[in-house]
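One file, model.csv, carrying CSV, C-alpha atoms and all ligand atoms:
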chain,number,residue,atom,x,y,z
A,5,PRO,CA,32.8,23.4,38.0
A,6,THR,CA,30.9,20.3,37.0
A,7,LEU,CA,27.3,20.9,36.0
A,8,MET,CA,25.0,18.2,37.5
A,9,VAL,CA,22.2,17.1,35.2
A,10,PRO,CA,19.5,14.7,36.2
A,11,ALA,CA,20.2,11.2,35.1
A,12,ALA,CA,18.2,10.2,32.1
A,13,ALA,CA,15.5,7.6,32.6
A,14,PRO,CA,16.9,4.1,31.9
A,15,PRO,CA,15.8,2.7,28.5
A,16,PRO,CA,13.1,0.0,28.7
A,17,PRO,CA,14.4,-3.5,28.3
A,18,ALA,CA,15.0,-4.4,24.7
A,19,SER,CA,12.2,-7.0,24.7
A,20,LEU,CA,9.6,-4.3,25.5
A,21,VAL,CA,10.6,-2.0,22.7
A,22,LEU,CA,8.3,-2.4,19.7
A,23,THR,CA,10.0,-1.9,16.4
A,24,GLN,CA,8.2,-0.6,13.4
A,25,ASP,CA,8.2,-4.1,12.0
A,26,ASP,CA,6.6,-5.4,15.3
A,27,LEU,CA,3.8,-2.8,14.8
A,28,LYS,CA,3.3,-3.9,11.2
A,29,LYS,CA,3.1,-7.5,12.4
A,30,ILE,CA,0.6,-6.7,15.1
A,31,ALA,CA,-1.7,-4.9,12.5
A,32,ALA,CA,-1.3,-7.8,10.1
A,33,TYR,CA,-2.2,-10.5,12.7
A,34,LYS,CA,-5.2,-8.4,13.8
A,35,ALA,CA,-6.5,-8.3,10.2
A,36,VAL,CA,-6.1,-12.0,9.7
A,37,GLU,CA,-8.6,-12.5,12.5
A,38,HIS,CA,-11.2,-11.6,9.9
A,39,VAL,CA,-10.2,-14.5,7.6
A,40,LYS,CA,-12.6,-17.4,7.6
A,41,SER,CA,-12.4,-20.8,6.0
A,42,GLY,CA,-13.7,-20.9,2.4
A,43,MET,CA,-12.8,-17.3,1.7
A,44,VAL,CA,-11.3,-15.9,-1.5
A,45,LEU,CA,-8.6,-13.5,-0.3
A,46,GLY,CA,-6.8,-10.6,-1.9
A,47,LEU,CA,-3.1,-10.9,-0.8
A,48,GLY,CA,-1.4,-7.6,-0.5
A,49,THR,CA,2.2,-6.6,-1.1
A,50,GLY,CA,4.9,-4.9,1.0
A,51,SER,CA,6.5,-5.5,4.3
A,52,THR,CA,3.3,-5.2,6.3
A,53,ALA,CA,1.2,-7.4,4.0
A,54,LYS,CA,4.0,-10.0,4.0
A,55,HIS,CA,3.2,-10.7,7.7
A,56,ALA,CA,-0.5,-11.2,6.9
A,57,VAL,CA,0.4,-13.7,4.1
A,58,ASN,CA,2.7,-15.6,6.5
A,59,ARG,CA,0.0,-15.7,9.2
A,60,ILE,CA,-2.6,-17.0,6.7
A,61,ALA,CA,-0.2,-19.8,5.7
A,62,GLN,CA,0.6,-20.6,9.3
A,63,LEU,CA,-3.2,-21.0,10.1
A,64,LEU,CA,-3.7,-23.1,7.0
A,65,ASN,CA,-0.8,-25.4,8.0
A,66,GLN,CA,-2.2,-25.7,11.5
A,67,GLY,CA,-5.6,-26.7,10.0
A,68,LYS,CA,-7.3,-23.7,11.6
A,69,LEU,CA,-8.2,-22.4,8.2
A,70,LYS,CA,-9.4,-24.5,5.2
A,71,ASP,CA,-10.3,-24.0,1.5
A,72,ILE,CA,-8.7,-20.6,1.2
A,73,VAL,CA,-8.0,-19.2,-2.3
A,74,GLY,CA,-5.5,-16.3,-2.5
A,75,ILE,CA,-5.4,-13.7,-5.3
A,76,PRO,CA,-1.9,-12.1,-5.1
A,77,THR,CA,-1.4,-8.4,-5.9
A,78,SER,CA,2.2,-8.7,-7.3
A,79,SER,CA,4.7,-11.2,-8.6
A,80,THR,CA,6.5,-10.9,-5.2
A,81,THR,CA,3.5,-11.9,-3.2
A,82,HIS,CA,2.7,-14.6,-5.8
A,83,GLU,CA,6.1,-16.1,-5.1
A,84,GLN,CA,5.8,-15.8,-1.3
A,85,ALA,CA,2.4,-17.5,-1.4
A,86,VAL,CA,3.6,-20.3,-3.7
A,87,ASN,CA,6.6,-20.9,-1.3
A,88,LEU,CA,4.2,-21.1,1.7
A,89,GLY,CA,1.8,-23.4,-0.1
A,90,ILE,CA,-1.2,-21.1,-0.2
A,91,PRO,CA,-3.6,-22.1,-3.1
A,92,LEU,CA,-3.8,-19.3,-5.6
A,93,SER,CA,-6.0,-18.1,-8.4
A,94,ASP,CA,-6.7,-14.9,-10.3
A,95,LEU,CA,-9.4,-12.3,-10.9
A,96,ASP,CA,-10.5,-14.1,-14.2
A,97,SER,CA,-11.5,-17.2,-12.2
A,98,HIS,CA,-12.6,-15.3,-9.0
A,99,PRO,CA,-13.9,-11.9,-10.0
A,100,VAL,CA,-15.4,-11.3,-6.5
A,101,ILE,CA,-13.0,-11.4,-3.6
A,102,ASP,CA,-14.4,-11.8,0.0
A,103,LEU,CA,-11.6,-9.9,1.8
A,104,ALA,CA,-8.4,-8.2,0.8
A,105,ILE,CA,-5.7,-7.3,3.3
A,106,ASP,CA,-2.9,-4.9,2.3
A,107,GLY,CA,-0.6,-2.1,3.5
A,108,ALA,CA,-0.5,1.5,2.5
A,109,ASP,CA,1.9,4.4,2.3
A,110,GLU,CA,-0.5,7.1,3.6
A,111,VAL,CA,-3.9,7.0,5.2
A,112,ASP,CA,-5.9,10.2,5.5
A,113,PRO,CA,-8.7,10.9,8.0
A,114,GLU,CA,-11.4,9.8,5.5
A,115,LEU,CA,-9.5,6.5,5.0
A,116,ASN,CA,-8.3,7.5,1.5
A,117,LEU,CA,-4.9,6.0,0.8
A,118,VAL,CA,-1.7,6.5,-1.1
A,119,LYS,CA,-0.3,3.2,-2.3
A,120,GLY,CA,2.3,2.1,-4.7
A,121,ARG,CA,5.6,3.1,-3.3
A,122,GLY,CA,6.2,-0.6,-3.4
A,123,GLY,CA,5.5,-0.5,-7.2
A,124,SER,CA,2.4,-2.7,-7.2
A,125,LEU,CA,-0.4,-0.2,-7.3
A,126,LEU,CA,-2.2,-1.4,-10.4
A,127,ARG,CA,-2.7,-5.0,-9.4
A,128,GLU,CA,-3.5,-3.9,-5.9
A,129,LYS,CA,-6.2,-1.6,-7.1
A,130,MET,CA,-7.6,-4.2,-9.4
A,131,VAL,CA,-7.8,-6.8,-6.6
A,132,GLU,CA,-8.9,-4.4,-3.9
A,133,SER,CA,-11.6,-2.7,-5.9
A,134,ALA,CA,-13.0,-6.2,-6.6
A,135,SER,CA,-13.2,-7.1,-2.9
A,136,LYS,CA,-16.3,-7.0,-0.7
A,137,LYS,CA,-14.1,-5.9,2.2
A,138,PHE,CA,-10.7,-4.2,2.0
A,139,VAL,CA,-8.8,-4.1,5.3
A,140,VAL,CA,-5.8,-1.9,5.4
A,141,ILE,CA,-2.9,-2.6,7.8
A,142,VAL,CA,-0.5,0.1,8.8
A,143,ASP,CA,1.7,1.3,11.7
A,144,GLU,CA,0.9,4.7,13.0
A,145,SER,CA,3.7,6.4,10.9
A,146,LYS,CA,1.4,6.1,7.8
A,147,LEU,CA,-1.3,8.5,9.2
A,148,VAL,CA,-1.4,11.8,7.4
A,149,ASN,CA,-3.7,14.9,7.5
A,150,TYR,CA,-4.3,14.9,3.8
A,151,VAL,CA,-3.2,12.8,0.7
A,152,GLY,CA,0.4,13.9,-0.1
A,153,GLY,CA,0.8,15.1,3.5
A,154,SER,CA,3.8,12.9,4.2
A,155,LYS,CA,5.7,14.8,1.4
A,156,LEU,CA,6.7,11.4,0.1
A,157,ALA,CA,5.8,10.1,-3.4
A,158,MET,CA,2.4,9.7,-4.9
A,159,PRO,CA,3.1,7.1,-7.6
A,160,VAL,CA,1.6,7.0,-11.0
A,161,GLU,CA,2.0,4.1,-13.4
A,162,VAL,CA,2.6,5.2,-17.0
A,163,ILE,CA,3.4,3.4,-20.2
A,164,PRO,CA,7.1,3.7,-21.1
A,165,PHE,CA,6.5,5.4,-24.4
A,166,CYS,CA,7.5,9.1,-24.1
A,167,TRP,CA,7.4,8.9,-20.3
A,168,SER,CA,9.0,12.3,-19.8
A,169,HIS,CA,6.1,13.9,-21.8
A,170,SER,CA,3.7,12.1,-19.4
A,171,LEU,CA,5.7,13.4,-16.4
A,172,ASN,CA,5.5,17.0,-17.7
A,173,ARG,CA,1.8,16.7,-18.2
A,174,LEU,CA,1.3,15.3,-14.7
A,175,VAL,CA,3.3,18.0,-13.1
A,176,ALA,CA,1.5,20.7,-15.0
A,177,LEU,CA,-1.9,19.3,-13.7
A,178,PHE,CA,-0.8,20.1,-10.2
A,179,ALA,CA,1.2,23.3,-10.7
A,180,ASP,CA,-0.9,25.1,-8.0
A,181,SER,CA,0.1,22.5,-5.5
A,182,GLY,CA,3.9,22.9,-6.0
A,183,CYS,CA,4.2,19.5,-7.7
A,184,VAL,CA,7.4,18.0,-8.9
A,185,GLY,CA,7.9,14.6,-10.4
A,186,GLU,CA,10.6,12.1,-11.2
A,187,LEU,CA,10.9,8.8,-13.0
A,188,ARG,CA,11.4,6.0,-10.5
A,189,LYS,CA,14.7,4.2,-10.9
A,190,CYS,CA,15.8,0.7,-9.8
A,191,VAL,CA,17.7,0.7,-6.5
A,192,THR,CA,20.8,-0.4,-8.3
A,193,GLY,CA,21.9,1.6,-11.3
A,194,GLU,CA,20.3,4.2,-13.5
A,195,LYS,CA,17.7,2.0,-15.2
A,196,ALA,CA,14.0,2.8,-14.9
A,197,TYR,CA,12.1,0.7,-12.4
A,198,VAL,CA,9.7,-1.6,-14.4
A,199,THR,CA,6.4,-2.7,-12.9
A,200,ASP,CA,5.0,-6.3,-13.0
A,201,ASN,CA,3.0,-5.0,-16.0
A,202,GLY,CA,6.0,-3.7,-18.0
A,203,ASN,CA,5.3,-0.1,-17.2
A,204,TYR,CA,7.2,2.8,-15.6
A,205,ILE,CA,6.3,4.8,-12.4
A,206,ILE,CA,6.4,8.5,-12.1
A,207,ASP,CA,6.6,9.6,-8.5
A,208,LEU,CA,4.8,12.9,-7.8
A,209,TYR,CA,5.6,15.1,-4.8
A,210,PHE,CA,3.3,17.9,-3.6
A,211,GLU,CA,4.3,21.0,-1.7
A,212,ARG,CA,0.6,21.7,-0.8
A,213,ASP,CA,-2.7,19.8,-0.5
A,214,ILE,CA,-4.0,18.8,-4.0
A,215,GLY,CA,-7.7,19.5,-3.0
A,216,ASP,CA,-10.5,17.4,-4.2
A,217,LEU,CA,-9.2,13.8,-4.7
A,218,ASN,CA,-11.9,12.7,-7.2
A,219,GLU,CA,-11.1,15.7,-9.4
A,220,ALA,CA,-7.4,15.0,-9.2
A,221,SER,CA,-8.0,11.3,-10.0
A,222,ASP,CA,-10.2,12.1,-13.0
A,223,ALA,CA,-7.7,14.6,-14.3
A,224,ILE,CA,-4.8,12.1,-14.1
A,225,LEU,CA,-6.7,9.3,-15.7
A,226,ARG,CA,-7.8,11.6,-18.6
A,227,LEU,CA,-4.2,11.9,-19.7
A,228,PRO,CA,-3.3,9.5,-22.5
A,229,GLY,CA,-0.3,7.3,-21.5
A,230,ILE,CA,-1.4,7.1,-17.8
A,231,VAL,CA,-2.3,3.6,-16.6
A,232,GLU,CA,-3.2,4.1,-13.0
A,233,HIS,CA,-2.4,6.3,-10.0
A,234,GLY,CA,-1.8,5.4,-6.3
A,235,MET,CA,-4.7,7.3,-4.7
A,236,PHE,CA,-7.2,4.7,-3.4
A,237,ILE,CA,-10.2,6.9,-2.8
A,238,GLY,CA,-13.1,5.4,-0.8
A,239,LEU,CA,-11.8,1.8,-1.3
A,240,ALA,CA,-10.8,0.9,2.3
A,241,THR,CA,-13.5,-0.7,4.4
A,242,SER,CA,-11.4,-0.4,7.6
A,243,VAL,CA,-7.9,0.5,8.6
A,244,ILE,CA,-6.1,-1.2,11.4
A,245,VAL,CA,-3.4,1.0,12.9
A,246,ALA,CA,-0.8,-0.4,15.3
A,247,GLY,CA,0.9,2.1,17.5
A,248,VAL,CA,3.1,2.0,20.5
A,249,ASP,CA,0.0,2.6,22.7
A,250,GLY,CA,-2.0,-0.2,21.1
A,251,VAL,CA,-4.2,-1.0,18.1
A,252,THR,CA,-7.0,1.1,16.8
A,253,VAL,CA,-9.5,0.2,14.0
A,254,LYS,CA,-10.8,3.0,11.9
A,255,THR,CA,-14.0,2.4,9.8
A,256,LYS,CA,-16.0,4.6,7.5
A,301,LIG,C1,1.9,-2.0,-0.5
A,301,LIG,O1,3.1,-1.9,0.1
A,301,LIG,C2,1.8,-0.7,-1.3
A,301,LIG,O2,0.7,-0.3,-1.8
A,301,LIG,C3,2.5,0.2,-0.5
A,301,LIG,O3,3.2,1.0,-1.4
A,301,LIG,C4,3.5,-0.6,0.3
A,301,LIG,C5,3.5,-0.4,1.8
A,301,LIG,O4,4.6,-0.9,2.2
A,301,LIG,P1,5.0,-1.4,3.6
A,301,LIG,O5,4.0,-2.2,4.2
A,301,LIG,O6,6.3,-2.1,3.4
A,301,LIG,O7,5.3,-0.1,4.4
A,301,LIG,O8,0.9,-2.1,0.4
Translate the structure described by the file into structure tokens.
Amino acid sequence: PTLMVPAAAPPPPASLVLTQDDLKKIAAYKAVEHVKSGMVLGLGTGSTAKHAVNRIAQLLNQGKLKDIVGIPTSSTTHEQAVNLGIPLSDLDSHPVIDLAIDGADEVDPELNLVKGRGGSLLREKMVESASKKFVVIVDESKLVNYVGGSKLAMPVEVIPFCWSHSLNRLVALFADSGCVGELRKCVTGEKAYVTDNGNYIIDLYFERDIGDLNEASDAILRLPGIVEHGMFIGLATSVIVAGVDGVTVKTK
């Protein structure tokens, strides 16, 4: 006999289905509403931040923004901004930034972040910690209950010298959290991924919550050979989250 099952609801028309990239763009455009003429802007890195940089350039070209100076957080963003004609500078010339806009890999309920899966955590942290306001833009997939909660990497930038020694010392710090680590490789081949600063990245994975983030940060940074880690603790002023049900803005 043929079993009758109820027909599945028809899928919504393709034009109404928001992709993850649509959500990233929505969050980015919302953040750019905070940009005013004359501002010094921290320009983030990654597929979400890329939309914000495009939007800033569009508004500049339309004459709706004037006298913007951008401080890029990576060589990739530097190249994007140059191609789009955004005037650029650096932290040496502009040590105080009005507003930085950047993506993140994880956002916890206190707006602490994991960043750096894109490899640019050091310059991002230098620029964003020098910003009066730091607006984070994410799609809802980035929300986690605790740092490390996505079970994806928490990156640490290390100097190349004896990197495996640094890896072992990092893993030992978080033995109670079931930590494992690996050297990040280039997408093609077996070579180590090299950051804009000529360093390597160790990706740490945690089985369990690492507890107090400031203690974890201090312990990591006390190790010789470590340059910076991807936990951005207390740096975000607000987080714009785009989801299929709309946009929410989280502030501290
Ligand atoms: C940067 O880009 C990084 O700090 C983070 O690793 C990554 C987020 O990437 P995406 O916006 O492509 O998800 O913000």
Could you produce a table of the residues of range 127-201 of chain A lying within 12 Å of range 35-40 of chain A, with the nearest pair of atoms per residue and their separation in Å rounded to one decimal, using all atoms listed in the file, ordered by chain and increasing residue number, as JSON lines?
{"residue": "A:Lys137", "atom": "CA", "partner": "A:His38", "partner_atom": "CA", "distance": 10.0}
{"residue": "A:Phe138", "atom": "CA", "partner": "A:Ala35", "partner_atom": "CA", "distance": 10.1}
{"residue": "A:Val139", "atom": "CA", "partner": "A:Ala35", "partner_atom": "CA", "distance": 6.9}
{"residue": "A:Val140", "atom": "CA", "partner": "A:Ala35", "partner_atom": "CA", "distance": 8.0}
{"residue": "A:Ile141", "atom": "CA", "partner": "A:Ala35", "partner_atom": "CA", "distance": 7.2}
{"residue": "A:Val142", "atom": "CA", "partner": "A:Ala35", "partner_atom": "CA", "distance": 10.4}
When you look at range 196-212 of chain A with a cut-off of 9 Å (counting only C-alpha atoms), what residues show up, excluding the ones that are within fewer than 3 positions of it in the same chain? I need them as number ranges by chain.
A: 78-79, 121, 123-124, 126-127, 152-153, 155-164, 167-168, 170-171, 174-175, 178, 180-191, 193, 215, 231
Residues as selected, C-alpha atoms, written as an mmCIF file, in the frame of the given file, can you do that?
data_model
loop_
_atom_site.group_PDB
_atom_site.id
_atom_site.type_symbol
_atom_site.label_atom_id
_atom_site.label_comp_id
_atom_site.auth_asym_id
_atom_site.auth_seq_id
_atom_site.Cartn_x
_atom_site.Cartn_y
_atom_site.Cartn_z
ATOM 1 C CA SER A 78 2.200 -8.700 -7.300
ATOM 2 C CA SER A 79 4.700 -11.200 -8.600
ATOM 3 C CA ARG A 121 5.600 3.100 -3.300
ATOM 4 C CA GLY A 123 5.500 -0.500 -7.200
ATOM 5 C CA SER A 124 2.400 -2.700 -7.200
ATOM 6 C CA LEU A 126 -2.200 -1.400 -10.400
ATOM 7 C CA ARG A 127 -2.700 -5.000 -9.400
ATOM 8 C CA GLY A 152 0.400 13.900 -0.100
ATOM 9 C CA GLY A 153 0.800 15.100 3.500
ATOM 10 C CA LYS A 155 5.700 14.800 1.400
ATOM 11 C CA LEU A 156 6.700 11.400 0.100
ATOM 12 C CA ALA A 157 5.800 10.100 -3.400
ATOM 13 C CA MET A 158 2.400 9.700 -4.900
ATOM 14 C CA PRO A 159 3.100 7.100 -7.600
ATOM 15 C CA VAL A 160 1.600 7.000 -11.000
ATOM 16 C CA GLU A 161 2.000 4.100 -13.400
ATOM 17 C CA VAL A 162 2.600 5.200 -17.000
ATOM 18 C CA ILE A 163 3.400 3.400 -20.200
ATOM 19 C CA PRO A 164 7.100 3.700 -21.100
ATOM 20 C CA TRP A 167 7.400 8.900 -20.300
ATOM 21 C CA SER A 168 9.000 12.300 -19.800
ATOM 22 C CA SER A 170 3.700 12.100 -19.400
ATOM 23 C CA LEU A 171 5.700 13.400 -16.400
ATOM 24 C CA LEU A 174 1.300 15.300 -14.700
ATOM 25 C CA VAL A 175 3.300 18.000 -13.100
ATOM 26 C CA PHE A 178 -0.800 20.100 -10.200
ATOM 27 C CA ASP A 180 -0.900 25.100 -8.000
ATOM 28 C CA SER A 181 0.100 22.500 -5.500
ATOM 29 C CA GLY A 182 3.900 22.900 -6.000
ATOM 30 C CA CYS A 183 4.200 19.500 -7.700
ATOM 31 C CA VAL A 184 7.400 18.000 -8.900
ATOM 32 C CA GLY A 185 7.900 14.600 -10.400
ATOM 33 C CA GLU A 186 10.600 12.100 -11.200
ATOM 34 C CA LEU A 187 10.900 8.800 -13.000
ATOM 35 C CA ARG A 188 11.400 6.000 -10.500
ATOM 36 C CA LYS A 189 14.700 4.200 -10.900
ATOM 37 C CA CYS A 190 15.800 0.700 -9.800
ATOM 38 C CA VAL A 191 17.700 0.700 -6.500
ATOM 39 C CA GLY A 193 21.900 1.600 -11.300
ATOM 40 C CA GLY A 215 -7.700 19.500 -3.000
ATOM 41 C CA VAL A 231 -2.300 3.600 -16.600
#
How far is it from CA of Val73 in chain A to CA of Gly42 in chain A, in Å with one decimal?
7.6 Å
Give the residue list for ligand LIG 301 (chain A) at 10 Å, counting all atoms listed in the file, as a PyMOL selection string, sorted by chain and then by residue number.
chain A and resi 24-25+28-29+32+47-55+77-78+105-110+117-129+140-143+145-146+157-159+234-236
Cut-off 6 Å around (-5.0, -20.9, 1.1) with all atoms listed in the file: residues as a list in words
Ile72, Val73, Gly74, Ile90 and Pro91 of chain A
Find the spatial neighbours of Leu115 in chain A, counting all atoms listed in the file, within a cut-off of 7 Å - ignore same-chain residues fewer than 2 positions away - and output them as number ranges by chain.
A: 111-113, 117, 238, 240
CA of Met43 in chain A and CA of Leu88 in chain A are how many Å apart?
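Between CA of Met43 in chain A and CA of Leu88 in chain A the gap is 17.4 Å.
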Atomic distance CA of Leu27 in chain A - CA of Pro76 in chain A, expressed in Å with one decimal
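If I compute the distance from CA of Leu27 in chain A to CA of Pro76 in chain A, I get 22.7 Å.
Closest approach to Asp94 in chain A among A:Leu69, A:Val131, A:Leu63, A:Ala56 is made by A:Val131 (distances from all atoms listed in the file).
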Nearest to Leu225 in chain A, chosen from A:Arg173, A:Ala104, A:Asn116, A:Asp26, with only C-alpha atoms counted in the distances
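Under the stated criterion, the closest residue is A:Arg173.
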